[in-house]
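Colleague: Sharing a structure below in structure tokens format, with a few things to ask.
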Amino acid sequence: MTLSIIGKSVPRPDARDKVTGGKGYPVNVRLPGMLHAKMLRSPYPHARILRIDTRAAEQLPGVKAVLTPADCPQRKYTTVYFVPTDAASMVRDMLVMSDTVRYAGQPVAAVAATSIEIAEQALELIEVEYEELPFVFDPEEAMQPGAPQLHEHAEHNIAVNPVMEFGDLEAGFAAADHVFEGVYETQRVHTCYMEPRVCVVDADGNGNFVVHSSMQHLFGLREKLAYVLGIPESRVRVIKPPYIGGGFGGKLDIGYIEPIAALLSVRANRPVRIEQTRYEDFISTARHPIKVYLKTGITKDGVFTARYAKSILDTGAHATHGAEVINVHGAFGFLLTYRCEHRKWEGYSVYTNNMVGGGYRGYGSPQACFAVESQIDEICDELNLDPIEFRRKNAHQPGDPHPFVQGMHLDTYAFDECLTRGAERIGYAQRTPANTDAGHIKRGVGFACQPLWVSGCLGFPDIYEHSGAIIKLNVDGTADLSTAAMDLGSGQITTLCQIAAEALGLPMEAVRITETADTTTVPFDAPSHASRVTYSAGNAVLAAANVAKERMLKVAGIMLEADAGDLEARDGRITVKGSPDISIAIADVVRRAESPFIQVTEDGPGPTTVEEKGTIIGLSSTAPAGNPSPASVGFVEVTVDTETGEVRVERAVYAHDLGKVINPNGAEGQVEGGFQQAIGYALMENLQFDENSGACLTGDFLDYKMPTAVEMPRSIESIFIESNEPTGPYGAKSLSEPCITVPAPAIANAIFNATGVRIRDLPITPEKILVALGKLPSE
């Protein structure tokens, strides 16, 4: 198949709009008569509210509505968008507001006023009397007898405790020549999306709500808000923004702001807007810290005989994503990554009085990958084994049964090629032994792998995985694409328009995403998450385009007096195969379909045909045919100053089997953005909290160190391996999340290669390196 648009780096359709002000961002939504709301937050990590006095706030001029726990529905729910509200796999432990506080920063009251300043002033007038309760911040302490009990249903504060086991673990360890154990720990980091969480909710007085929000799932927000308010979903209409200012998984759940704004809007009978400050965003969502205990059995020639892991996840005050992140972490971060007959994983998602965790790109896999890929390099160093050959020897092979999705096979699986081509590009064969450079600047090379990942959520219990699209052709030869798939800023609009344009035979600029879509006008689509949009939503767009194309070619066949099967569309025209001189513009075909049945010509009135009449439109709503697994390997070269502990990532090479590249520039952007986030995760990012109150000490980006252009590698090379997945749109499968998963362990392994010291907890700060080198005392 000769492709004209797929595989090309086309401009983003929304680029001009964004660089000239970005009017489509939800943060820019303004409605007539709109009020501004602010939330009062608890200063205590665990307390019972005894009394709230809002009288002074209510009397302040400009205040139109005040909300306390007594005014809110007391219906527990799960916040997570991508599961049904009654999903048995999730924990329903959230309330809009509660008289029990479980973390410092939990909202306890809210005010809607004519200005932000008045709302903030009103918060200062609210009096709250608390009874402080015992608290616990460490998840392992929270699991001990006698620890403060945070939720009645959770014995030992364990929200969920999944266990997965294959084979006979004891037999596997008995067969091992060597057994290795290690403990690895990761920190709490924020997604750092640029657009804050913001919403505007307008209650119309008849029980209907119109919602604008910066979120990752149109229908998930509708479902969760309707559930919280106790109304039918049809009463909630969520407006799709043209794009949002970043998400990275951090906007995959209903926040406090949407239900609070809705309830305030009802009380004030006016639209209510809530925009979180950066500090409020910091305490709203974060990647979960996870402590991983690994025990691994190995033969002398480097084959796994047994693998065991215990993972303890700090889910914070409420389970939310922690109930699912722990499963993805265990399955795709540990259990399924490499072949091993005997293996077991135990997961603990534990309540503490810390802030609630949320979704973040990779969804549990980065924490596991850091542990697993670090330990593999430790094993290889101890046994003098080649790290590349070790992974190759234990890897899944093309054609193997899929280790997760029953009935599927790894038919397009190019992990070995990722290893080979990445190693060649970085020059891995020339890597020197650990700590052999002279001088205080040491150079090291390391790598890490995500051998198995997903292209969506087909096969996952309780998780939505279907998509829909509508494509309508216009008489000027353009096409409008309507879909609920959200563009997070990473080019989903561009990818879906390319797929539609290729299928319809239109120029890229002739296809546009409709700017007026909402939950009443477009088919359901699962969220933009789980590396799924290109594969799953792309397949739905392709299916809708093919329906429209079939209709288009039928009309063209009538006009050209040819069989529709003998026609092809390309570059805005339809031609007879093998006879390029016989053609017609797509615009003329659409115009004919939309024209009157009786048309007046110079020869007088004359009929056309009934068969050709009607709007040329295509609709699809479908689940994907599979869940093909991409594979990825990331290599890095670092320098470490052993006098200061400073680490610089000098170069990165990333190899990824993605089936087919839809947009090379977009794909490279995914890789580069993932590396930036992962470098921060590996070396510097870490939300800080007061050890006594649990209050977040990180207030804005001045307090939160993340990589800028200064800290980025001088070179990031992307190697895209096209294995042509037959179930994907034009052969594509996924890319997004492994880009952020593999760099942290690769950097840790490179630091060891440079210095000979191994750091097992993130972030790897200069202080930790100097302590490991013996140049600073340990705490």
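Each chain of the structure tokens is named A, B, ... in the order shown, its residues numbered from 1; ligands are numbered from 1 in display order.
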Tell me which protein, DNA and RNA residues are within 8 Å of stretch 99-108 of chain A, counting only C-alpha atoms, leaving out same-chain ones fewer than 3 positions away, and put them as a PyMOL selection string.

Modeller: chain A and resi 39-50+68-69+150+256+283+316-317+353-355+693-696

Colleague: Could you pull the residues within 8 Å of A:Glu637, counting only C-alpha atoms, minus those fewer than 3 positions along the same chain, as a PyMOL selection string?

Modeller: chain A and resi 443-446+649-652+747+750

Colleague: Smallest atom-to-atom distance to A:Val653: which of A:Asn161, A:Thr495, A:Ser632, A:Ser723, using only C-alpha atoms?

Modeller: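 Distance minimum relative to A:Val653 lands on A:Ser632.
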
Colleague: May I ask for the distance between atom CA of A:Lys291 and atom CA of A:Pro84, given in Å to one decimal place?

Modeller: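 Going from atom CA of A:Lys291 over to atom CA of A:Pro84, I get 29.1 Å.
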
Colleague: Which residues of stretch 327-412 of chain A sit at most 12 Å from stretch 516-537 of chain A, using only C-alpha atoms? Give each one's shortest atom pair and distance in Å (one decimal place), in chain and ascending residue order, as JSON lines.

Modeller:
{"residue": "A:Val328", "atom": "CA", "partner": "A:Ala530", "partner_atom": "CA", "distance": 10.4}
{"residue": "A:Phe332", "atom": "CA", "partner": "A:Ala530", "partner_atom": "CA", "distance": 11.9}
{"residue": "A:Gly359", "atom": "CA", "partner": "A:His529", "partner_atom": "CA", "distance": 9.2}
{"residue": "A:Tyr360", "atom": "CA", "partner": "A:His529", "partner_atom": "CA", "distance": 9.3}
{"residue": "A:Arg361", "atom": "CA", "partner": "A:Ala530", "partner_atom": "CA", "distance": 7.9}
{"residue": "A:Gly362", "atom": "CA", "partner": "A:Ala530", "partner_atom": "CA", "distance": 7.6}
{"residue": "A:Tyr363", "atom": "CA", "partner": "A:Ala530", "partner_atom": "CA", "distance": 8.0}
{"residue": "A:Gly364", "atom": "CA", "partner": "A:Ala530", "partner_atom": "CA", "distance": 11.3}
{"residue": "A:Ser365", "atom": "CA", "partner": "A:Ala530", "partner_atom": "CA", "distance": 11.3}

Colleague: Between A:Asp377, A:Asp480, A:Glu165, A:Glu132, which one has atoms that come closest to A:Ala434, using only C-alpha atoms?

Modeller: A:Asp377

Colleague: Would you pick out the contacts of A:Glu612 at 12 Å or less, using only C-alpha atoms, so that residues sharing its chain but fewer than 5 positions from it are not included, and give the list as a PyMOL selection string?

Modeller: chain A and resi 550-559+589-597+607

Colleague: As a list in words, please: the residues near A:Leu683 (cut-off 6 Å, only C-alpha atoms, same-chain neighbours under 2 positions excluded).

Modeller: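 Contacts, in chain order: Ile679, Gly680, Tyr681, Pro763, Ile764 and Thr765 of chain A.
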
Colleague: Filtering to C-alpha atoms, could you give me those residues as a PDB file, in the first residue's frame?

Modeller:
ATOM      1  CA  ILE A 679      15.304  12.656  33.995  1.00  0.00           C
ATOM      2  CA  GLY A 680      13.455  14.700  36.605  1.00  0.00           C
ATOM      3  CA  TYR A 681      12.146  11.487  38.176  1.00  0.00           C
ATOM      4  CA  PRO A 763      15.801  10.634  43.147  1.00  0.00           C
ATOM      5  CA  ILE A 764      19.539  10.068  42.764  1.00  0.00           C
ATOM      6  CA  THR A 765      20.710  13.366  44.199  1.00  0.00           C
TER       7      THR A 765
END

Colleague: Excluding stretch 206-218 of chain A and its own-chain neighbours fewer than 6 positions away, which residues fall within 8 Å of it when counting only C-alpha atoms? Please give them as a PyMOL selection string.

Modeller: chain A and resi 25-27+29+81-82+195-200+235-241+244-245+247+249+251-253+258+262+484-486+488+518-519+525-529

Colleague: Per DSSP on the backbone, filter stretch 399-596 of chain A down to the residues in alpha helix (DSSP H) and report them as a PyMOL selection string.

Modeller: chain A and resi 415-426+492-504+538-560+586-594

Colleague: Hey, could you make a per-residue contact list for stretch 430-518 of chain A against stretch 411-426 of chain A with 10 Å as the cut-off, showing the nearest pair of atoms and its distance in Å to one decimal, counting only C-alpha atoms, sorted by chain and number, as a tab-separated table?

Modeller:
residue	atom	partner	partner_atom	distance
A:Gln430	CA	A:Ile426	CA	9.1
A:Arg431	CA	A:Ile426	CA	9.3
A:Val445	CA	A:Ile426	CA	8.4
A:Gly446	CA	A:Ile426	CA	9.6
A:Phe447	CA	A:Ala423	CA	8.7
A:Ala448	CA	A:Leu419	CA	9.6
A:Cys449	CA	A:Leu419	CA	8.5
A:Gln450	CA	A:Phe415	CA	8.9
A:Pro451	CA	A:Phe415	CA	6.3
A:Leu452	CA	A:Phe415	CA	8.4

Colleague: Considering only C-alpha atoms, return as a list in words whatever protein or nucleic-acid residues lie within 6 Å of A:Glu223, sequence-local ones (same chain, fewer than 3 positions apart) excluded.

Modeller: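 So, after excluding close chain neighbours, the residues are Gly220, Ala226 and Glu233 of chain A.
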
Colleague: With N, CA and C atoms retained, write the just-selected residues as a PDB file, in the first residue's frame.

Modeller:
ATOM      1  N   GLY A 220     -16.204   9.899  31.286  1.00  0.00           N
ATOM      2  CA  GLY A 220     -15.900   9.558  32.671  1.00  0.00           C
ATOM      3  C   GLY A 220     -16.324  10.652  33.619  1.00  0.00           C
ATOM      4  N   ALA A 226     -22.512  12.657  37.679  1.00  0.00           N
ATOM      5  CA  ALA A 226     -23.910  12.254  37.828  1.00  0.00           C
ATOM      6  C   ALA A 226     -24.086  11.334  39.030  1.00  0.00           C
ATOM      7  N   GLU A 233     -27.314  10.277  34.148  1.00  0.00           N
ATOM      8  CA  GLU A 233     -26.190  10.811  33.368  1.00  0.00           C
ATOM      9  C   GLU A 233     -26.655  11.777  32.288  1.00  0.00           C
TER      10      GLU A 233
END

Colleague: Under the rule that only C-alpha atoms are counted, which of A:Thr352, A:Ser374, A:Gln276, A:Gln187 is the nearest residue to A:Met143?

Modeller: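 Looking at the shortest contact to A:Met143, the residue is A:Thr352.
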
Colleague: Choose the residue, out of A:Ile470, A:Phe720, A:Tyr704, A:Ser490, that has the smallest atom-to-atom separation from A:Ser621; count only C-alpha atoms.

Modeller: A:Ile470

Colleague: What is the distance, in Å and to one decimal place, between atom CA of A:Ala171 and atom CA of A:Val183?

Modeller: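 Calculated distance between atom CA of A:Ala171 and atom CA of A:Val183 is 22.8 Å.
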